[in-house]
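Take a look at the structure below.
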Amino acid sequence: MARRRMSAWGAGALPSVRRATLSLLYIYSEHYTKPGAGRAFHDLAFSIRAAELFWVTDPMARAAMDASHDIPHLTHADIPRPIGLIGFEHPLPAWESEGSAVSQIFGLNALLIDALVWRVRGDHVELTPMTRIGRVSGESMRDLLPIVTLRAAMPLDLDNPPADMPEQERALWSFFAATVVMMMQPTVAQRTTLDVKTGRTRPSVDGGPPVLHEVTVVDLRPLKRITDDEEADGSGRKLRTRHLVRGHWTQQAYGKGRELRRLQWVNSYIRGPEGAPWSGGREAVYVWRR
C-alpha cells in the first residue's frame, strides 16, 4: 500500500518546516552582508530550534482576531512557553514590510503572515512574523522567512501602547496576546498531540518538555449554551427570552489569597430558556465552522 504523502503545510508538516527553515536561516546568517543581519538570522534559528510548536486552525485564528480588539494587556504570565512557533492554517493579513531584510531580498513590500515566533528575553518579548518562501519566490519550497522582529517591554498595555508603536505592530501584539491566552485555556481550547510519524493522536500531557516530532493541535470547542429556564436576569425575574453573550475578557483571581490577577477569556454563549424567542423579536444565526 502506498504511503499517503504529507501536506507541505499543516500540523503534521510543521516539524519538517522547522528543519527546512533552520537550514535556510543558517545559510542567510553566513551570506547576508547587512551589518548585524547575519547575527540576527543566527539568533532566530537558535530560537526556532528550541521552540515548542503549535498549529492554529482558521476558526481559532478568527476567534482570536475578534477577541484581540479589546484585550487590555499582555504580561509574562500570559505567555505559555519561553519560546514558541505558531503556524496558521490560513495566513494572517499582509504585513507592510518595506525596509525589512526579506523585502530587500525579494523586492516585496507586503507579505502574508504564515507563522509567528516568540521569545521571552528578560523583561522584554520578541515577536517575529514569518512568511512561506513559496509566496515570494514562486517555488514550492515550504521554508519560513522572517519579515521583521518586534520587541516590547512587559507588561504591554494594549489599550495605551507606547506612542512610537505603529498601529500594525499594536494589532499584531494584540492578536498574539489573544491567541496564546485563549489557546491555553482548557475551557476554550481542545488540545491533542499528533505523532507525525504515525499520523495518530495521543492525549496531551501538560508540564513536561516538548517531544521530538510531535505537534500540539489546537481547536476551539463549540459554542457553550446556558439555557436553564430558572436562570434570573439579576433582578430576580425569570428569563423568558434568549440572547447571545459575546465572548469577553475578565480578570481572574488566583494565587495565595487570590490576590493575583490574570486574563481569562469567557467564551461566547447563549443565555436564556431553550426554545424561547430571541430578545427584541430578532432572529439570530451563529455559524461555527471547523
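Chain labels follow the order of the C-alpha cells: the first chain is A, the next B, and so on; residue numbering restarts at 1 in every chain, and ligands are counted from 1 in their shown order.
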
Write out as an NGL selection string each polymer residue whose atoms come within 8 Å of Glu52 (chain A), counting only C-alpha atoms; drop sequence neighbours fewer than 6 positions from it. :A and (81 or 83-85 or 210)

Requested write-out: N, CA and C atoms of the selected residues, as a PDB file, in the first residue's frame:
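Once everything was written out, this is selection.pdb:
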ATOM      1  N   ARG A  81       4.986  29.533  27.058  1.00  0.00           N
ATOM      2  CA  ARG A  81       6.327  28.967  26.997  1.00  0.00           C
ATOM      3  C   ARG A  81       7.324  30.088  26.696  1.00  0.00           C
ATOM      4  N   ILE A  83       9.732  30.106  24.561  1.00  0.00           N
ATOM      5  CA  ILE A  83       9.957  30.181  23.113  1.00  0.00           C
ATOM      6  C   ILE A  83       8.898  29.328  22.426  1.00  0.00           C
ATOM      7  N   GLY A  84       8.304  29.851  21.378  1.00  0.00           N
ATOM      8  CA  GLY A  84       7.294  29.078  20.658  1.00  0.00           C
ATOM      9  C   GLY A  84       7.183  29.502  19.210  1.00  0.00           C
ATOM     10  N   LEU A  85       6.643  28.612  18.397  1.00  0.00           N
ATOM     11  CA  LEU A  85       6.358  28.889  16.989  1.00  0.00           C
ATOM     12  C   LEU A  85       4.928  28.457  16.726  1.00  0.00           C
ATOM     13  N   PRO A 210       8.660  19.427  25.511  1.00  0.00           N
ATOM     14  CA  PRO A 210       8.140  19.026  24.213  1.00  0.00           C
ATOM     15  C   PRO A 210       8.841  17.760  23.713  1.00  0.00           C
TER      16      PRO A 210
END

If you take only C-alpha atoms and a cut-off of 9 Å, which residues of region 32-130 of chain A touch region 5-21 of chain A, and what are their nearest atom pairs and distances in Å to one decimal, in chain and number order, as a Markdown table?
| residue | atom | partner | partner_atom | distance |
| --- | --- | --- | --- | --- |
| A:Ala45 | CA | A:Thr21 | CA | 7.9 |
| A:Ile48 | CA | A:Arg18 | CA | 7.1 |
| A:Arg49 | CA | A:Arg18 | CA | 7.4 |
| A:Leu53 | CA | A:Leu14 | CA | 7.5 |
| A:Phe54 | CA | A:Ala11 | CA | 7.8 |
| A:Trp55 | CA | A:Ala11 | CA | 5.6 |
| A:Val56 | CA | A:Ala11 | CA | 8.4 |
| A:Gly87 | CA | A:Leu14 | CA | 7.5 |
| A:Phe88 | CA | A:Gly10 | CA | 8.3 |
| A:Glu89 | CA | A:Gly10 | CA | 6.7 |

Now that the selection is made, can you save its residues with C-alpha atoms as an mmCIF file, in the first residue's frame?
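The resulting file, out-v1.cif, is reproduced below:
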data_model
loop_
_atom_site.group_PDB
_atom_site.id
_atom_site.type_symbol
_atom_site.label_atom_id
_atom_site.label_comp_id
_atom_site.auth_asym_id
_atom_site.auth_seq_id
_atom_site.Cartn_x
_atom_site.Cartn_y
_atom_site.Cartn_z
ATOM 1 C CA ALA A 45 17.453 30.000 14.050
ATOM 2 C CA ILE A 48 13.238 28.216 16.282
ATOM 3 C CA ARG A 49 15.300 25.119 17.049
ATOM 4 C CA LEU A 53 5.349 24.017 18.048
ATOM 5 C CA PHE A 54 1.694 24.974 17.850
ATOM 6 C CA TRP A 55 -0.816 24.755 14.999
ATOM 7 C CA VAL A 56 -3.815 27.071 14.914
ATOM 8 C CA GLY A 87 1.763 28.024 12.333
ATOM 9 C CA PHE A 88 -1.581 29.208 10.942
ATOM 10 C CA GLU A 89 -3.810 27.146 8.694
#

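Residues with any atom within 10 Å of Leu158 (chain A), counting only C-alpha atoms and excluding same-chain neighbours fewer than 4 positions away, are Ser68, His69, Asp70, Ile71, Pro72, His73, Leu74, Pro162, Arg170, Ala171, Trp173, Ser174 and Ala177 of chain A.
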
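Considering the residues A:Met154, A:Ala163, A:Phe176, A:Met182 and counting only C-alpha atoms, Thr75 (chain A) has its shortest atom-to-atom contact with A:Met154.
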